[in-house]
Amino acid sequence: MWLNRDIVSISDLNVEEIMEVIDRANKMLPYSSSGHPEKPLSDKIVATLFYEPSTRTRLSFEAAAMRLGARVLGFGALEGTSVSKGETLSDTIRIVNGYSDAIVLRHPSEGAARLASEFADVPVINAGDGAGQHPTQTILDIFTIWKESGPVSGKGIGFVGDLKYGRTVHSLSKALSLFDISLYFISPEELKIPKHIKKDIEKRVPVKETKNLDEVIEDIDVLYVTRIQKERFPDLEEYKKVAGIYVIRPSLLSRGRKNLIVMHPLPRVDEIPSEVDNLPQAKYFKQASYGVPVRMAILDLILRGD
Ligand code: CP
């Protein structure tokens with residue numbers, strides 16, 4: 001069921017499968033800092049091909065592979081690769097398919113991971129495709145909610161910021177709508193969640209959309225903050241209109257629920273000031289650290305299959 005499986009979209013996984021990864025990630029947690037004593041992937045090579053910048057996803061995938069005994073090859077910038085000479089994605093994938101047992105791909109174009117999966121025999125893991133999906137981030141986000149706030153069901157979960165271009169929001173809100181929750185989408189008009197995603201989610205869970213975070217802060221257990229992604233705006237003037245629109249200050253959090261947690265996929269710019277970092281609500285650095293056990297679980301499942 002898992003062996004050689006592509007992880008392209010979170011919609012390819014059902015709730016039981018997501019929870020299976022989470023359960024395995026919890027078992028991997030003690031080994032995510034010390035290494036797995038059995039080195040179960042010692043005969044495997046994992047390729048990380050990053051056509052867009054990344055700190056957390058690439059390095060946590062590489063750390064996860066190494067903690068399981070696998071070796072890693074790939075690139076984090078196009079300079080020095082034949083992509084800079086014009087090589088197509090499909091050709092690069094065909095080549096790396098012969099050099100590795102799994103390919104982790106980040107690419108600026110939505111649909112790139114699906115395309116790559118059609119050219120590779122080895123499993124392809126989508127590490128973010130433009131404004132599309134980021135499924136392994138979704139699983140680590142659900143793992144964070146589960147570890148830091150308890151069972152997902154019954155919660156009010158709010159997304160604030162760039163809901164239009166934020167692929168982590170797209171993947172995570174879809175996955176969370178499989179649980180018994182309420183969703184709050186907080187954004188300016190220009191950055192609303194895409195209609196097709198909202199329409200799909202609304203079939204399963206109650207959704208409230210607003211521009212005003214103050215209006216809903218008391219109904220929220222998990223506040224998922226996102227960066228306004230300057231690099232995805234076709235027009236810089238449009239970016240300037242919404243830059244800095246939401247800033248999560250301690251005074252706002254003090255009006256929230258007692259067990260409110262604040263998450264962020266990172267990197268952040270100015271939407272969460274550093275004065276929040278030491279508050280009990282701040283879970284975003286913990287969230288980033290969970291990238292290693294969750295990605296260990298995913299690599300173990302797709303490369304060993306049991
Ligand atoms: N959360 C996330 O995708 O971070 P990076 O862009 O640093 O990989």
# chains A, B, ... in the order shown; residues from 1 in each chain; ligands from 1
$ residues_near_ligand --ligand "ligand 1" --cutoff "7 Å" --atoms "only C-alpha atoms and all ligand atoms" --output "list in words"
Pro53, Ser54, Thr55, Arg56, Thr57, Arg58, Gln137, Pro265, Leu266 and Pro267 of chain A
$ write_last_selection --atoms "N, CA and C atoms" --output "PDB file, in the first residue's frame"
ATOM      1  N   PRO A  53      13.843  28.241  -3.313  1.00  0.00           N
ATOM      2  CA  PRO A  53      14.523  28.243  -2.014  1.00  0.00           C
ATOM      3  C   PRO A  53      13.763  27.480  -0.942  1.00  0.00           C
ATOM      4  N   SER A  54      14.507  26.936  -0.006  1.00  0.00           N
ATOM      5  CA  SER A  54      13.915  26.219   1.125  1.00  0.00           C
ATOM      6  C   SER A  54      14.978  26.105   2.206  1.00  0.00           C
ATOM      7  N   THR A  55      14.564  26.215   3.431  1.00  0.00           N
ATOM      8  CA  THR A  55      15.443  25.859   4.551  1.00  0.00           C
ATOM      9  C   THR A  55      14.896  24.613   5.232  1.00  0.00           C
ATOM     10  N   ARG A  56      13.670  24.715   5.755  1.00  0.00           N
ATOM     11  CA  ARG A  56      13.096  23.630   6.556  1.00  0.00           C
ATOM     12  C   ARG A  56      12.854  22.346   5.758  1.00  0.00           C
ATOM     13  N   THR A  57      12.188  22.462   4.622  1.00  0.00           N
ATOM     14  CA  THR A  57      11.746  21.243   3.942  1.00  0.00           C
ATOM     15  C   THR A  57      12.945  20.439   3.440  1.00  0.00           C
ATOM     16  N   ARG A  58      13.864  21.118   2.761  1.00  0.00           N
ATOM     17  CA  ARG A  58      15.011  20.384   2.210  1.00  0.00           C
ATOM     18  C   ARG A  58      15.883  19.801   3.323  1.00  0.00           C
ATOM     19  N   GLN A 137       4.195  19.018   4.574  1.00  0.00           N
ATOM     20  CA  GLN A 137       4.011  20.097   5.556  1.00  0.00           C
ATOM     21  C   GLN A 137       2.651  19.911   6.254  1.00  0.00           C
ATOM     22  N   PRO A 265       4.086  28.066   9.140  1.00  0.00           N
ATOM     23  CA  PRO A 265       4.992  27.145   8.419  1.00  0.00           C
ATOM     24  C   PRO A 265       6.409  27.699   8.329  1.00  0.00           C
ATOM     25  N   LEU A 266       6.581  29.017   8.522  1.00  0.00           N
ATOM     26  CA  LEU A 266       7.856  29.727   8.404  1.00  0.00           C
ATOM     27  C   LEU A 266       8.373  29.616   6.950  1.00  0.00           C
ATOM     28  N   PRO A 267       9.162  30.540   6.449  1.00  0.00           N
ATOM     29  CA  PRO A 267       9.716  31.661   7.194  1.00  0.00           C
ATOM     30  C   PRO A 267       8.674  32.747   7.478  1.00  0.00           C
TER      31      PRO A 267
END
$ residues_around --residues "Glu17 (chain A)" --least-positions-apart "2" --cutoff "12 Å" --atoms "only C-alpha atoms" --output "NGL selection string"
:A and (1-2 or 7 or 10-15 or 19-24 or 139 or 175 or 178 or 297-298 or 301)
$ residues_around --residues "Arg167 (chain A)" --least-positions-apart "5" --cutoff "9 Å" --atoms "only C-alpha atoms" --output "MDAnalysis selection string"
chainID A and resid 128:134 172
$ atom_distance --atom1 "CA of Gly158 (chain A)" --atom2 "CA of Ile186 (chain A)"
7.1 Å
$ atom_distance --atom1 "CA of Val83 (chain A)" --atom2 "CA of Thr168 (chain A)"
26.2 Å
$ select_by_dssp --residues "region 89-298 of chain A" --states "alpha helix (DSSP H)" --output "MDAnalysis selection string"
chainID A and resid 89:97 112:119 135:149 167:176 195:202 213:216 236:242 250:253 284:289 291:298
$ closest_residue --among "A:Ala63, A:Lys85, A:Val269, A:Thr226" --to "His36 (chain A)" --atoms "only C-alpha atoms"
A:Ala63
$ residues_around --residues "region 204-218 of chain A" --least-positions-apart "2" --cutoff "8 Å" --atoms "only C-alpha atoms" --output "list in words"
Val160, Ser177, Leu178, Asp180, Ile181, Ser182, Leu183, Tyr184, Phe185, Ile186, Ser187, Pro188, Glu189, Asp200, Ile201, Glu202, Ile220, Leu252, Leu253, Arg255, Gly256 and Arg257 of chain A
$ closest_residue --among "A:Val169, A:Leu163, A:Val104, A:Leu279" --to "Asn259 (chain A)" --atoms "only C-alpha atoms"
A:Leu279
$ closest_residue --among "A:Glu62, A:Asp101, A:Asp91, A:Glu148" --to "Pro293 (chain A)" --atoms "only C-alpha atoms"
A:Glu62
$ atom_distance --atom1 "CA of Ile157 (chain A)" --atom2 "CA of Lys258 (chain A)"
14.4 Å
$ residues_around --residues "region 243-245 of chain A" --least-positions-apart "6" --cutoff "8 Å" --atoms "only C-alpha atoms" --output "list in words"
Gly161, Ile228, Asp270 and Glu271 of chain A
$ write_last_selection --atoms "C-alpha atoms" --output "PDB file, in the first residue's frame"
ATOM      1  CA  GLY A 161      -2.773  36.026   6.104  1.00  0.00           C
ATOM      2  CA  ILE A 228       2.177  37.459   2.709  1.00  0.00           C
ATOM      3  CA  ASP A 270       6.846  40.673  10.286  1.00  0.00           C
ATOM      4  CA  GLU A 271       3.533  38.904  10.952  1.00  0.00           C
TER       5      GLU A 271
END
$ closest_residue --among "A:Arg268, A:Ile261, A:Ser82, A:Pro234" --to "Gly150 (chain A)" --atoms "only C-alpha atoms"
A:Ile261
$ closest_residue --among "A:Leu3, A:Leu41, A:Ala102, A:Val294" --to "Asn26 (chain A)" --atoms "only C-alpha atoms"
A:Val294
